[in-house]
Structure formats: structure tokens, C-alpha cells
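Structure file run_9.txt (compact mmCIF, N, CA and C atoms) follows.
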# COMPACT_ATOMS: atom_id res chain seq x y z
N MET A 1019 0.83 -1.19 0.00
CA MET A 1019 0.00 0.00 0.00
C MET A 1019 0.88 1.25 0.00
N SER A 1020 0.41 2.28 -0.66
CA SER A 1020 1.16 3.52 -0.80
C SER A 1020 0.94 4.44 0.39
N THR A 1021 1.93 5.29 0.62
CA THR A 1021 1.81 6.32 1.62
C THR A 1021 1.15 7.53 0.98
N PRO A 1022 0.11 8.12 1.60
CA PRO A 1022 -0.54 9.27 0.97
C PRO A 1022 0.44 10.41 0.70
N ALA A 1023 0.30 11.00 -0.47
CA ALA A 1023 1.12 12.16 -0.81
C ALA A 1023 0.65 13.34 0.03
N PRO A 1024 1.57 14.18 0.54
CA PRO A 1024 1.18 15.25 1.44
C PRO A 1024 0.27 16.30 0.80
N ASP A 1025 0.28 16.42 -0.52
CA ASP A 1025 -0.55 17.42 -1.18
C ASP A 1025 -1.83 16.84 -1.78
N ALA A 1026 -2.13 15.60 -1.50
CA ALA A 1026 -3.27 14.93 -2.14
C ALA A 1026 -4.61 15.30 -1.52
N ALA A 1027 -4.62 15.71 -0.27
CA ALA A 1027 -5.88 16.01 0.40
C ALA A 1027 -6.69 17.02 -0.39
N ASP A 1028 -7.94 16.71 -0.58
CA ASP A 1028 -8.88 17.59 -1.25
C ASP A 1028 -8.51 17.89 -2.70
N ARG A 1029 -7.74 17.04 -3.34
CA ARG A 1029 -7.39 17.21 -4.75
C ARG A 1029 -8.04 16.10 -5.56
N THR A 1030 -8.56 16.46 -6.71
CA THR A 1030 -9.30 15.51 -7.54
C THR A 1030 -8.68 15.42 -8.93
N ILE A 1031 -8.43 14.19 -9.36
CA ILE A 1031 -7.82 13.92 -10.65
C ILE A 1031 -8.85 13.22 -11.53
N LEU A 1032 -8.95 13.66 -12.78
CA LEU A 1032 -9.79 12.99 -13.76
C LEU A 1032 -8.87 12.21 -14.70
N ILE A 1033 -9.05 10.89 -14.73
CA ILE A 1033 -8.27 10.03 -15.61
C ILE A 1033 -9.13 9.69 -16.81
N VAL A 1034 -8.58 9.92 -18.01
CA VAL A 1034 -9.29 9.62 -19.24
C VAL A 1034 -8.44 8.62 -20.02
N GLU A 1035 -8.89 7.38 -20.05
CA GLU A 1035 -8.12 6.29 -20.66
C GLU A 1035 -9.10 5.24 -21.15
N ASP A 1036 -9.00 4.87 -22.43
CA ASP A 1036 -9.92 3.89 -22.99
C ASP A 1036 -9.56 2.46 -22.63
N GLU A 1037 -8.30 2.20 -22.31
CA GLU A 1037 -7.90 0.84 -21.93
C GLU A 1037 -8.16 0.64 -20.44
N VAL A 1038 -9.16 -0.19 -20.16
CA VAL A 1038 -9.67 -0.31 -18.79
C VAL A 1038 -8.61 -0.75 -17.79
N LEU A 1039 -7.75 -1.69 -18.14
CA LEU A 1039 -6.74 -2.16 -17.18
C LEU A 1039 -5.73 -1.07 -16.85
N ILE A 1040 -5.33 -0.30 -17.84
CA ILE A 1040 -4.42 0.82 -17.59
C ILE A 1040 -5.09 1.84 -16.70
N ARG A 1041 -6.36 2.16 -17.01
CA ARG A 1041 -7.10 3.14 -16.22
C ARG A 1041 -7.25 2.68 -14.77
N LEU A 1042 -7.59 1.42 -14.57
CA LEU A 1042 -7.78 0.92 -13.21
C LEU A 1042 -6.49 0.96 -12.40
N VAL A 1043 -5.37 0.60 -13.01
CA VAL A 1043 -4.10 0.59 -12.29
C VAL A 1043 -3.73 2.00 -11.82
N ILE A 1044 -3.78 2.97 -12.74
CA ILE A 1044 -3.38 4.33 -12.33
C ILE A 1044 -4.41 4.94 -11.39
N ALA A 1045 -5.69 4.65 -11.59
CA ALA A 1045 -6.72 5.17 -10.68
C ALA A 1045 -6.53 4.63 -9.27
N ASP A 1046 -6.29 3.34 -9.14
CA ASP A 1046 -6.07 2.74 -7.82
C ASP A 1046 -4.81 3.31 -7.17
N TYR A 1047 -3.76 3.49 -7.95
CA TYR A 1047 -2.52 4.04 -7.41
C TYR A 1047 -2.75 5.46 -6.89
N LEU A 1048 -3.43 6.28 -7.67
CA LEU A 1048 -3.70 7.66 -7.22
C LEU A 1048 -4.58 7.68 -5.99
N ARG A 1049 -5.56 6.80 -5.94
CA ARG A 1049 -6.40 6.72 -4.73
C ARG A 1049 -5.57 6.32 -3.52
N ASP A 1050 -4.67 5.35 -3.70
CA ASP A 1050 -3.77 4.94 -2.61
C ASP A 1050 -2.90 6.10 -2.14
N CYS A 1051 -2.61 7.02 -3.06
CA CYS A 1051 -1.81 8.19 -2.72
C CYS A 1051 -2.64 9.28 -2.04
N GLY A 1052 -3.93 9.09 -1.94
CA GLY A 1052 -4.78 10.04 -1.23
C GLY A 1052 -5.60 10.96 -2.11
N TYR A 1053 -5.48 10.85 -3.43
CA TYR A 1053 -6.25 11.70 -4.34
C TYR A 1053 -7.67 11.15 -4.52
N ARG A 1054 -8.61 12.05 -4.76
CA ARG A 1054 -9.92 11.64 -5.22
C ARG A 1054 -9.80 11.47 -6.73
N VAL A 1055 -10.41 10.43 -7.27
CA VAL A 1055 -10.23 10.12 -8.68
C VAL A 1055 -11.59 9.89 -9.34
N HIS A 1056 -11.75 10.49 -10.51
CA HIS A 1056 -12.88 10.20 -11.38
C HIS A 1056 -12.29 9.58 -12.63
N GLU A 1057 -13.04 8.67 -13.24
CA GLU A 1057 -12.55 7.95 -14.41
C GLU A 1057 -13.49 8.14 -15.59
N ALA A 1058 -12.90 8.28 -16.77
CA ALA A 1058 -13.66 8.34 -18.01
C ALA A 1058 -12.97 7.46 -19.03
N SER A 1059 -13.77 6.79 -19.86
CA SER A 1059 -13.19 5.90 -20.87
C SER A 1059 -13.00 6.60 -22.21
N GLN A 1060 -13.49 7.82 -22.34
CA GLN A 1060 -13.34 8.58 -23.58
C GLN A 1060 -13.52 10.07 -23.29
N ALA A 1061 -13.14 10.89 -24.23
CA ALA A 1061 -13.17 12.34 -24.04
C ALA A 1061 -14.59 12.88 -23.81
N ASP A 1062 -15.57 12.34 -24.52
CA ASP A 1062 -16.95 12.82 -24.34
C ASP A 1062 -17.43 12.60 -22.91
N GLU A 1063 -17.09 11.47 -22.35
CA GLU A 1063 -17.44 11.18 -20.95
C GLU A 1063 -16.70 12.14 -20.01
N ALA A 1064 -15.45 12.46 -20.34
CA ALA A 1064 -14.68 13.41 -19.54
C ALA A 1064 -15.33 14.78 -19.55
N VAL A 1065 -15.81 15.22 -20.71
CA VAL A 1065 -16.49 16.52 -20.82
C VAL A 1065 -17.72 16.55 -19.92
N THR A 1066 -18.47 15.47 -19.91
CA THR A 1066 -19.65 15.39 -19.04
C THR A 1066 -19.24 15.53 -17.57
N ILE A 1067 -18.19 14.84 -17.19
CA ILE A 1067 -17.70 14.93 -15.80
C ILE A 1067 -17.23 16.35 -15.49
N LEU A 1068 -16.46 16.94 -16.41
CA LEU A 1068 -15.94 18.29 -16.19
C LEU A 1068 -17.06 19.32 -16.09
N ASN A 1069 -18.19 19.07 -16.72
CA ASN A 1069 -19.32 20.00 -16.69
C ASN A 1069 -20.31 19.69 -15.56
N THR A 1070 -19.99 18.74 -14.70
CA THR A 1070 -20.87 18.40 -13.58
C THR A 1070 -20.88 19.55 -12.57
N PRO A 1071 -22.06 20.13 -12.31
CA PRO A 1071 -22.13 21.23 -11.34
C PRO A 1071 -21.63 20.79 -9.96
N GLY A 1072 -20.84 21.65 -9.35
CA GLY A 1072 -20.34 21.41 -8.01
C GLY A 1072 -19.13 20.48 -7.93
N LEU A 1073 -18.73 19.90 -9.05
CA LEU A 1073 -17.56 19.01 -9.04
C LEU A 1073 -16.34 19.80 -9.47
N HIS A 1074 -15.30 19.75 -8.66
CA HIS A 1074 -14.06 20.46 -8.97
C HIS A 1074 -12.99 19.44 -9.34
N ILE A 1075 -12.41 19.60 -10.51
CA ILE A 1075 -11.31 18.75 -10.96
C ILE A 1075 -10.04 19.59 -10.93
N ASP A 1076 -8.98 19.05 -10.33
CA ASP A 1076 -7.71 19.78 -10.24
C ASP A 1076 -6.77 19.50 -11.41
N VAL A 1077 -6.77 18.27 -11.92
CA VAL A 1077 -5.89 17.88 -13.01
C VAL A 1077 -6.60 16.85 -13.87
N VAL A 1078 -6.44 16.97 -15.19
CA VAL A 1078 -6.92 15.95 -16.12
C VAL A 1078 -5.69 15.19 -16.61
N PHE A 1079 -5.72 13.87 -16.47
CA PHE A 1079 -4.66 12.99 -16.95
C PHE A 1079 -5.27 12.13 -18.05
N SER A 1080 -4.87 12.37 -19.30
CA SER A 1080 -5.55 11.73 -20.43
C SER A 1080 -4.60 11.07 -21.41
N ASP A 1081 -5.04 9.94 -21.92
CA ASP A 1081 -4.38 9.30 -23.05
C ASP A 1081 -4.65 10.15 -24.28
N VAL A 1082 -3.75 10.13 -25.24
CA VAL A 1082 -3.95 10.85 -26.49
C VAL A 1082 -4.86 10.07 -27.43
N GLU A 1083 -4.57 8.80 -27.59
CA GLU A 1083 -5.30 8.00 -28.57
C GLU A 1083 -6.47 7.29 -27.93
N MET A 1084 -7.67 7.75 -28.31
CA MET A 1084 -8.92 7.15 -27.85
C MET A 1084 -9.81 6.98 -29.08
N PRO A 1085 -9.98 5.74 -29.53
CA PRO A 1085 -10.68 5.51 -30.79
C PRO A 1085 -12.18 5.81 -30.75
N LYS A 1086 -12.78 5.79 -29.59
CA LYS A 1086 -14.22 6.05 -29.50
C LYS A 1086 -14.46 7.49 -29.07
N GLY A 1087 -15.60 8.02 -29.46
CA GLY A 1087 -15.96 9.37 -29.06
C GLY A 1087 -15.66 10.38 -30.15
N SER A 1088 -15.99 11.62 -29.88
CA SER A 1088 -15.88 12.68 -30.89
C SER A 1088 -14.51 13.34 -30.93
N MET A 1089 -13.63 13.05 -29.96
CA MET A 1089 -12.31 13.67 -29.97
C MET A 1089 -11.29 12.78 -29.27
N ASP A 1090 -10.03 13.02 -29.60
CA ASP A 1090 -8.93 12.32 -28.95
C ASP A 1090 -8.44 13.15 -27.77
N GLY A 1091 -7.31 12.75 -27.21
CA GLY A 1091 -6.76 13.48 -26.06
C GLY A 1091 -6.34 14.90 -26.39
N PHE A 1092 -5.85 15.12 -27.63
CA PHE A 1092 -5.50 16.47 -28.04
C PHE A 1092 -6.75 17.35 -28.09
N GLY A 1093 -7.82 16.82 -28.66
CA GLY A 1093 -9.08 17.56 -28.71
C GLY A 1093 -9.60 17.86 -27.32
N LEU A 1094 -9.49 16.89 -26.42
CA LEU A 1094 -9.91 17.10 -25.04
C LEU A 1094 -9.08 18.20 -24.39
N ALA A 1095 -7.76 18.17 -24.60
CA ALA A 1095 -6.89 19.20 -24.02
C ALA A 1095 -7.29 20.59 -24.53
N ARG A 1096 -7.58 20.68 -25.83
CA ARG A 1096 -8.03 21.97 -26.39
C ARG A 1096 -9.36 22.40 -25.77
N TRP A 1097 -10.27 21.44 -25.62
CA TRP A 1097 -11.58 21.74 -25.02
C TRP A 1097 -11.40 22.24 -23.60
N VAL A 1098 -10.58 21.56 -22.81
CA VAL A 1098 -10.34 21.97 -21.43
C VAL A 1098 -9.74 23.37 -21.40
N ARG A 1099 -8.76 23.63 -22.26
CA ARG A 1099 -8.13 24.94 -22.30
C ARG A 1099 -9.15 26.05 -22.59
N THR A 1100 -10.14 25.77 -23.44
CA THR A 1100 -11.16 26.75 -23.80
C THR A 1100 -12.23 26.89 -22.72
N HIS A 1101 -12.73 25.77 -22.20
CA HIS A 1101 -13.88 25.79 -21.30
C HIS A 1101 -13.54 25.77 -19.81
N HIS A 1102 -12.39 25.28 -19.46
CA HIS A 1102 -11.94 25.22 -18.06
C HIS A 1102 -10.44 25.56 -18.02
N PRO A 1103 -10.11 26.81 -18.36
CA PRO A 1103 -8.68 27.16 -18.52
C PRO A 1103 -7.84 27.00 -17.25
N GLY A 1104 -8.43 26.91 -16.10
CA GLY A 1104 -7.67 26.75 -14.87
C GLY A 1104 -7.27 25.32 -14.57
N ILE A 1105 -7.74 24.38 -15.37
CA ILE A 1105 -7.44 22.97 -15.11
C ILE A 1105 -6.29 22.52 -16.01
N PRO A 1106 -5.17 22.14 -15.43
CA PRO A 1106 -4.06 21.64 -16.25
C PRO A 1106 -4.34 20.23 -16.77
N VAL A 1107 -3.75 19.93 -17.92
CA VAL A 1107 -3.91 18.63 -18.56
C VAL A 1107 -2.54 17.99 -18.72
N ILE A 1108 -2.45 16.72 -18.37
CA ILE A 1108 -1.27 15.91 -18.63
C ILE A 1108 -1.69 14.88 -19.68
N LEU A 1109 -0.96 14.83 -20.79
CA LEU A 1109 -1.26 13.85 -21.83
C LEU A 1109 -0.23 12.74 -21.82
N THR A 1110 -0.69 11.53 -22.16
CA THR A 1110 0.20 10.38 -22.25
C THR A 1110 -0.08 9.64 -23.54
N SER A 1111 0.97 9.06 -24.10
CA SER A 1111 0.81 8.31 -25.34
C SER A 1111 2.00 7.41 -25.56
N GLY A 1112 1.76 6.35 -26.30
CA GLY A 1112 2.85 5.47 -26.71
C GLY A 1112 3.45 5.90 -28.04
N ALA A 1113 2.83 6.88 -28.70
CA ALA A 1113 3.30 7.34 -30.01
C ALA A 1113 4.25 8.52 -29.86
N ALA A 1114 5.47 8.39 -30.33
CA ALA A 1114 6.48 9.45 -30.21
C ALA A 1114 6.06 10.72 -30.94
N ARG A 1115 5.32 10.61 -32.03
CA ARG A 1115 4.92 11.78 -32.82
C ARG A 1115 4.01 12.73 -32.04
N SER A 1116 3.45 12.25 -30.97
CA SER A 1116 2.51 13.05 -30.18
C SER A 1116 3.19 14.09 -29.31
N ALA A 1117 4.47 13.95 -29.06
CA ALA A 1117 5.17 14.80 -28.10
C ALA A 1117 5.14 16.28 -28.47
N GLU A 1118 5.37 16.64 -29.72
CA GLU A 1118 5.39 18.04 -30.11
C GLU A 1118 4.05 18.72 -29.90
N ILE A 1119 2.98 18.05 -30.31
CA ILE A 1119 1.64 18.64 -30.14
C ILE A 1119 1.33 18.78 -28.66
N ALA A 1120 1.65 17.77 -27.86
CA ALA A 1120 1.37 17.81 -26.43
C ALA A 1120 2.10 18.95 -25.75
N ALA A 1121 3.31 19.23 -26.17
CA ALA A 1121 4.09 20.31 -25.56
C ALA A 1121 3.39 21.65 -25.73
N ASP A 1122 2.67 21.84 -26.82
CA ASP A 1122 1.94 23.09 -27.04
C ASP A 1122 0.65 23.17 -26.23
N LEU A 1123 0.09 22.03 -25.86
CA LEU A 1123 -1.21 22.01 -25.19
C LEU A 1123 -1.12 21.89 -23.67
N CYS A 1124 0.00 21.45 -23.15
CA CYS A 1124 0.09 21.12 -21.73
C CYS A 1124 1.08 22.01 -21.01
N GLU A 1125 0.68 22.46 -19.84
CA GLU A 1125 1.53 23.32 -19.03
C GLU A 1125 2.75 22.59 -18.50
N THR A 1126 2.67 21.27 -18.44
CA THR A 1126 3.76 20.50 -17.84
C THR A 1126 4.84 20.12 -18.83
N GLY A 1127 4.75 20.61 -20.05
CA GLY A 1127 5.78 20.31 -21.02
C GLY A 1127 5.48 19.05 -21.79
N PRO A 1128 6.51 18.28 -22.09
CA PRO A 1128 6.35 17.15 -23.00
C PRO A 1128 5.38 16.09 -22.48
N LEU A 1129 4.99 15.31 -23.40
CA LEU A 1129 4.10 14.18 -23.17
C LEU A 1129 4.73 13.19 -22.19
N LEU A 1130 3.91 12.57 -21.40
CA LEU A 1130 4.36 11.47 -20.54
C LEU A 1130 4.20 10.20 -21.36
N GLY A 1131 5.31 9.56 -21.70
CA GLY A 1131 5.28 8.40 -22.59
C GLY A 1131 4.75 7.15 -21.92
N LYS A 1132 4.16 6.28 -22.73
CA LYS A 1132 3.71 4.97 -22.27
C LYS A 1132 4.74 3.95 -22.71
N PRO A 1133 4.98 2.95 -21.94
CA PRO A 1133 4.41 2.74 -20.61
C PRO A 1133 5.04 3.67 -19.59
N TYR A 1134 4.29 4.06 -18.60
CA TYR A 1134 4.79 4.96 -17.56
C TYR A 1134 4.70 4.27 -16.21
N GLU A 1135 5.52 4.73 -15.32
CA GLU A 1135 5.47 4.26 -13.94
C GLU A 1135 4.48 5.16 -13.19
N PRO A 1136 3.57 4.60 -12.42
CA PRO A 1136 2.61 5.44 -11.69
C PRO A 1136 3.27 6.52 -10.85
N VAL A 1137 4.44 6.25 -10.29
CA VAL A 1137 5.12 7.25 -9.47
C VAL A 1137 5.49 8.48 -10.31
N HIS A 1138 5.76 8.29 -11.60
CA HIS A 1138 6.07 9.43 -12.46
C HIS A 1138 4.83 10.27 -12.72
N VAL A 1139 3.67 9.63 -12.78
CA VAL A 1139 2.41 10.37 -12.92
C VAL A 1139 2.19 11.23 -11.68
N VAL A 1140 2.39 10.63 -10.51
CA VAL A 1140 2.22 11.38 -9.25
C VAL A 1140 3.21 12.53 -9.17
N ASP A 1141 4.44 12.31 -9.58
CA ASP A 1141 5.44 13.40 -9.58
C ASP A 1141 4.96 14.55 -10.45
N ARG A 1142 4.46 14.25 -11.64
CA ARG A 1142 3.99 15.28 -12.57
C ARG A 1142 2.78 16.01 -11.97
N ILE A 1143 1.86 15.27 -11.38
CA ILE A 1143 0.68 15.89 -10.75
C ILE A 1143 1.12 16.79 -9.60
N ARG A 1144 2.03 16.31 -8.78
CA ARG A 1144 2.48 17.10 -7.63
C ARG A 1144 3.14 18.41 -8.07
N ARG A 1145 3.94 18.36 -9.13
CA ARG A 1145 4.57 19.58 -9.63
C ARG A 1145 3.50 20.57 -10.10
N LEU A 1146 2.50 20.08 -10.79
CA LEU A 1146 1.41 20.96 -11.24
C LEU A 1146 0.67 21.57 -10.07
N LEU A 1147 0.31 20.76 -9.10
CA LEU A 1147 -0.46 21.24 -7.96
C LEU A 1147 0.34 22.21 -7.10
N ALA A 1148 1.64 22.03 -7.03
CA ALA A 1148 2.49 22.94 -6.26
C ALA A 1148 2.50 24.34 -6.86
N GLN A 1149 2.22 24.45 -8.16
CA GLN A 1149 2.20 25.74 -8.85
C GLN A 1149 0.85 26.43 -8.74
N ARG A 1150 -0.15 25.73 -8.24
CA ARG A 1150 -1.51 26.27 -8.21
C ARG A 1150 -2.00 26.42 -6.78
N PRO A 1151 -2.74 27.49 -6.52
CA PRO A 1151 -3.30 27.63 -5.18
C PRO A 1151 -4.35 26.56 -4.93
N GLY A 1152 -4.50 26.22 -3.69
CA GLY A 1152 -5.53 25.24 -3.33
C GLY A 1152 -5.07 24.42 -2.16
N PRO A 1153 -5.93 23.52 -1.69
CA PRO A 1153 -5.59 22.71 -0.53
C PRO A 1153 -4.33 21.90 -0.76
N GLY A 1154 -3.41 22.00 0.16
CA GLY A 1154 -2.21 21.18 0.11
C GLY A 1154 -1.11 21.73 -0.80
N ALA A 1155 -1.36 22.80 -1.54
CA ALA A 1155 -0.35 23.29 -2.49
C ALA A 1155 0.79 23.97 -1.77
N ALA A 1156 0.49 24.76 -0.78
CA ALA A 1156 1.54 25.50 -0.07
C ALA A 1156 2.35 24.56 0.79
N GLY A 1157 3.65 24.69 0.69
CA GLY A 1157 4.52 23.92 1.57
C GLY A 1157 4.68 22.47 1.20
N SER A 1158 4.19 22.04 0.04
CA SER A 1158 4.38 20.65 -0.31
C SER A 1158 5.83 20.41 -0.71
N GLU A 1159 6.28 19.20 -0.52
CA GLU A 1159 7.67 18.87 -0.80
C GLU A 1159 7.74 18.16 -2.16
N PRO A 1160 8.31 18.82 -3.19
CA PRO A 1160 8.34 18.23 -4.51
C PRO A 1160 9.06 16.89 -4.59
N ALA A 1161 10.03 16.64 -3.74
CA ALA A 1161 10.78 15.40 -3.83
C ALA A 1161 10.04 14.22 -3.21
N ALA A 1162 9.03 14.47 -2.39
CA ALA A 1162 8.31 13.40 -1.74
C ALA A 1162 7.58 12.56 -2.78
N ARG A 1163 7.50 11.25 -2.54
CA ARG A 1163 6.83 10.36 -3.49
C ARG A 1163 5.80 9.53 -2.78
N CYS A 1164 4.82 9.14 -3.54
CA CYS A 1164 3.86 8.17 -3.05
C CYS A 1164 4.30 6.84 -3.65
N ALA A 1165 4.83 5.97 -2.84
CA ALA A 1165 5.33 4.70 -3.38
C ALA A 1165 4.99 3.56 -2.44
Using C-alpha cells, write down the structure that the file contains.
Amino acid sequence: MSTPAPDAADRTILIVEDEVLIRLVIADYLRDCGYRVHEASQADEAVTILNTPGLHIDVVFSDVEMPKGSMDGFGLARWVRTHHPGIPVILTSGAARSAEIAADLCETGPLLGKPYEPVHVVDRIRRLLAQRPGPGAAGSEPAARCA
């Protein structure tokens, strides 16, 4: 079992991943780290979650390639930037060609490549949350890991 990350309290992550086993592994890991997690299997479902009244999402973690739905991860990142500009997006993909586009859409820089280690996802989330005001952001230790 993982030790909760010190900045996880009251933080909510939306995972958008069409491959159910990948989504379950990272969702469980983030929950073990103390984050609240919502899951979507495609971008359209993510949009519905993001538009839920009273629900606050701190970070969207999305795969780029999602064959179902009206948009891929790039389209979702653009949608989030337009409709919820305060929510950072982390994109992940196994395709190297995706890195340049992701760098333009994501505040965290380059794409997180697949396969990824869950601890690297948490590190990326923690860096994003440390830059943003909110519960647990002040005084968090960037080197700390949930492992």
C-alpha cells in the first residue's frame, strides 16, 4: 500500500483512458496516494464529468489515442483549455509523434510516454499542484513520493 502524498488532500484527478486495465491501475494508485479520482473511458465522458455542477477537478490525466468518441486526447486538451482554462492537462501516449503537439497544449511540457510508472504520474501531478493555489499546495515537498 502507498503512503498518501502530502498534497493529495482535497485534490481531484480525472483520468481519461480507454484501456480499462491501464485506467484501473493508475486510478487505484492515485487513490492509494490520497487523491480523489474520477474515471472516463473517452473524451466525451470526460467533458460530461468536467461539466458536472459542483464538481471540482484539479488535473486531467488523459491518453492521447482514444478511438471512440468525438475527440482524442488532443481535442480534449483543447476543449479543457477553452472551457476550463484553470485545469491543467497531462497527456500520455505510446506514439512518439505526439510529443510536439502535447508540448503546445500542456503546461507540464512534454508528453508522458507509455508505458509509464505510476510514481512518475504522481510526480507530474504534484509539480502541477504545487504551482496552483488550493488545498495542500503551499509547503508541499516536490521530492516526496507516493510509493
Worksheet entry | Using only N, CA and C atoms: which of A:Ile1108, A:Leu1130, A:Leu1068, A:Val1137 has the shortest distance to Ser1080 of chain A |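 Looking only at the distances to Ser1080 of chain A, the closest residue turns out to be A:Ile1108.
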Item to complete: Rank nothing, just name the residue among A:Val1043, A:Ile1105, A:Ile1067, A:Ala1061 nearest to Met1089 of chain A, using all atoms listed in the file.
Response: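 Using all atoms listed in the file, Met1089 of chain A sits closest to A:Ala1061.
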Practice prompt. Go through segment 1065-1105 of chain A and collect every residue that DSSP, computed from the backbone, puts in strand (DSSP E or B); the answer should be as a count of residues only.
Written response: 5
Fill in: Best match for closeness to Val1065 of chain A among A:Leu1039, A:Val1077, A:Val1082, A:Leu1094, counting only C-alpha atoms
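The shortest atom-to-atom distance to Val1065 of chain A comes from A:Leu1094.
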Practice prompt. Rounded to one decimal place, report the atom C of Thr1110 of chain A-atom C of Ala1045 of chain A distance in Å.
Written response: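 Atom C of Ala1045 of chain A lies at a distance of 16.4 Å from atom C of Thr1110 of chain A.
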Worksheet item: Between A:Glu1035, A:Glu1135, A:Asp1062, A:Asp1028, which is the closest to Phe1079 of chain A once you count all atoms listed in the file?
Response: A:Glu1035
Item to complete: Could you please give me, as JSON, numbers by chain, the residues of protein, DNA or RNA lying at most 9 Å from (-12.0, 7.7, -24.6) in the coordinate frame of the file, considering only C-alpha atoms?
Response: {"A": [1034, 1035, 1036, 1037, 1058, 1059, 1060, 1061, 1062, 1063, 1064, 1080, 1081, 1082, 1083, 1084, 1085, 1086, 1087, 1088, 1089, 1090, 1091]}
Those same residues - N, CA and C atoms - I'd like them written as a compact mmCIF listing (two decimals), in the frame of the given file.
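Listed below is the output, part_39.txt:
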# COMPACT_ATOMS: atom_id res chain seq x y z
N VAL A 1034 -8.58 9.92 -18.01
CA VAL A 1034 -9.29 9.62 -19.24
C VAL A 1034 -8.44 8.62 -20.02
N GLU A 1035 -8.89 7.38 -20.05
CA GLU A 1035 -8.12 6.29 -20.66
C GLU A 1035 -9.10 5.24 -21.15
N ASP A 1036 -9.00 4.87 -22.43
CA ASP A 1036 -9.92 3.89 -22.99
C ASP A 1036 -9.56 2.46 -22.63
N GLU A 1037 -8.30 2.20 -22.31
CA GLU A 1037 -7.90 0.84 -21.93
C GLU A 1037 -8.16 0.64 -20.44
N ALA A 1058 -12.90 8.28 -16.77
CA ALA A 1058 -13.66 8.34 -18.01
C ALA A 1058 -12.97 7.46 -19.03
N SER A 1059 -13.77 6.79 -19.86
CA SER A 1059 -13.19 5.90 -20.87
C SER A 1059 -13.00 6.60 -22.21
N GLN A 1060 -13.49 7.82 -22.34
CA GLN A 1060 -13.34 8.58 -23.58
C GLN A 1060 -13.52 10.07 -23.29
N ALA A 1061 -13.14 10.89 -24.23
CA ALA A 1061 -13.17 12.34 -24.04
C ALA A 1061 -14.59 12.88 -23.81
N ASP A 1062 -15.57 12.34 -24.52
CA ASP A 1062 -16.95 12.82 -24.34
C ASP A 1062 -17.43 12.60 -22.91
N GLU A 1063 -17.09 11.47 -22.35
CA GLU A 1063 -17.44 11.18 -20.95
C GLU A 1063 -16.70 12.14 -20.01
N ALA A 1064 -15.45 12.46 -20.34
CA ALA A 1064 -14.68 13.41 -19.54
C ALA A 1064 -15.33 14.78 -19.55
N SER A 1080 -4.87 12.37 -19.30
CA SER A 1080 -5.55 11.73 -20.43
C SER A 1080 -4.60 11.07 -21.41
N ASP A 1081 -5.04 9.94 -21.92
CA ASP A 1081 -4.38 9.30 -23.05
C ASP A 1081 -4.65 10.15 -24.28
N VAL A 1082 -3.75 10.13 -25.24
CA VAL A 1082 -3.95 10.85 -26.49
C VAL A 1082 -4.86 10.07 -27.43
N GLU A 1083 -4.57 8.80 -27.59
CA GLU A 1083 -5.30 8.00 -28.57
C GLU A 1083 -6.47 7.29 -27.93
N MET A 1084 -7.67 7.75 -28.31
CA MET A 1084 -8.92 7.15 -27.85
C MET A 1084 -9.81 6.98 -29.08
N PRO A 1085 -9.98 5.74 -29.53
CA PRO A 1085 -10.68 5.51 -30.79
C PRO A 1085 -12.18 5.81 -30.75
N LYS A 1086 -12.78 5.79 -29.59
CA LYS A 1086 -14.22 6.05 -29.50
C LYS A 1086 -14.46 7.49 -29.07
N GLY A 1087 -15.60 8.02 -29.46
CA GLY A 1087 -15.96 9.37 -29.06
C GLY A 1087 -15.66 10.38 -30.15
N SER A 1088 -15.99 11.62 -29.88
CA SER A 1088 -15.88 12.68 -30.89
C SER A 1088 -14.51 13.34 -30.93
N MET A 1089 -13.63 13.05 -29.96
CA MET A 1089 -12.31 13.67 -29.97
C MET A 1089 -11.29 12.78 -29.27
N ASP A 1090 -10.03 13.02 -29.60
CA ASP A 1090 -8.93 12.32 -28.95
C ASP A 1090 -8.44 13.15 -27.77
N GLY A 1091 -7.31 12.75 -27.21
CA GLY A 1091 -6.76 13.48 -26.06
C GLY A 1091 -6.34 14.90 -26.39
Fill in: Point-to-point distance in Å for atom CA of Val1038 of chain A and atom CA of Asp1141 of chain A
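Interatomic distance here is 22.4 Å.
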Item to complete: Could you jot down the atom CA of Ile1031 of chain A to atom CA of Tyr1053 of chain A separation for me, Å, one decimal place?
Response: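 Value for the atom CA of Ile1031 of chain A-atom CA of Tyr1053 of chain A distance: 6.9 Å.
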Practice prompt. Tell me which of A:Val1078, A:Asn1069, A:Asp1046, A:Arg1041 sits closest to His1101 of chain A, counting only C-alpha atoms.
Written response: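 Of all the options, A:Asn1069 lies closest to His1101 of chain A.
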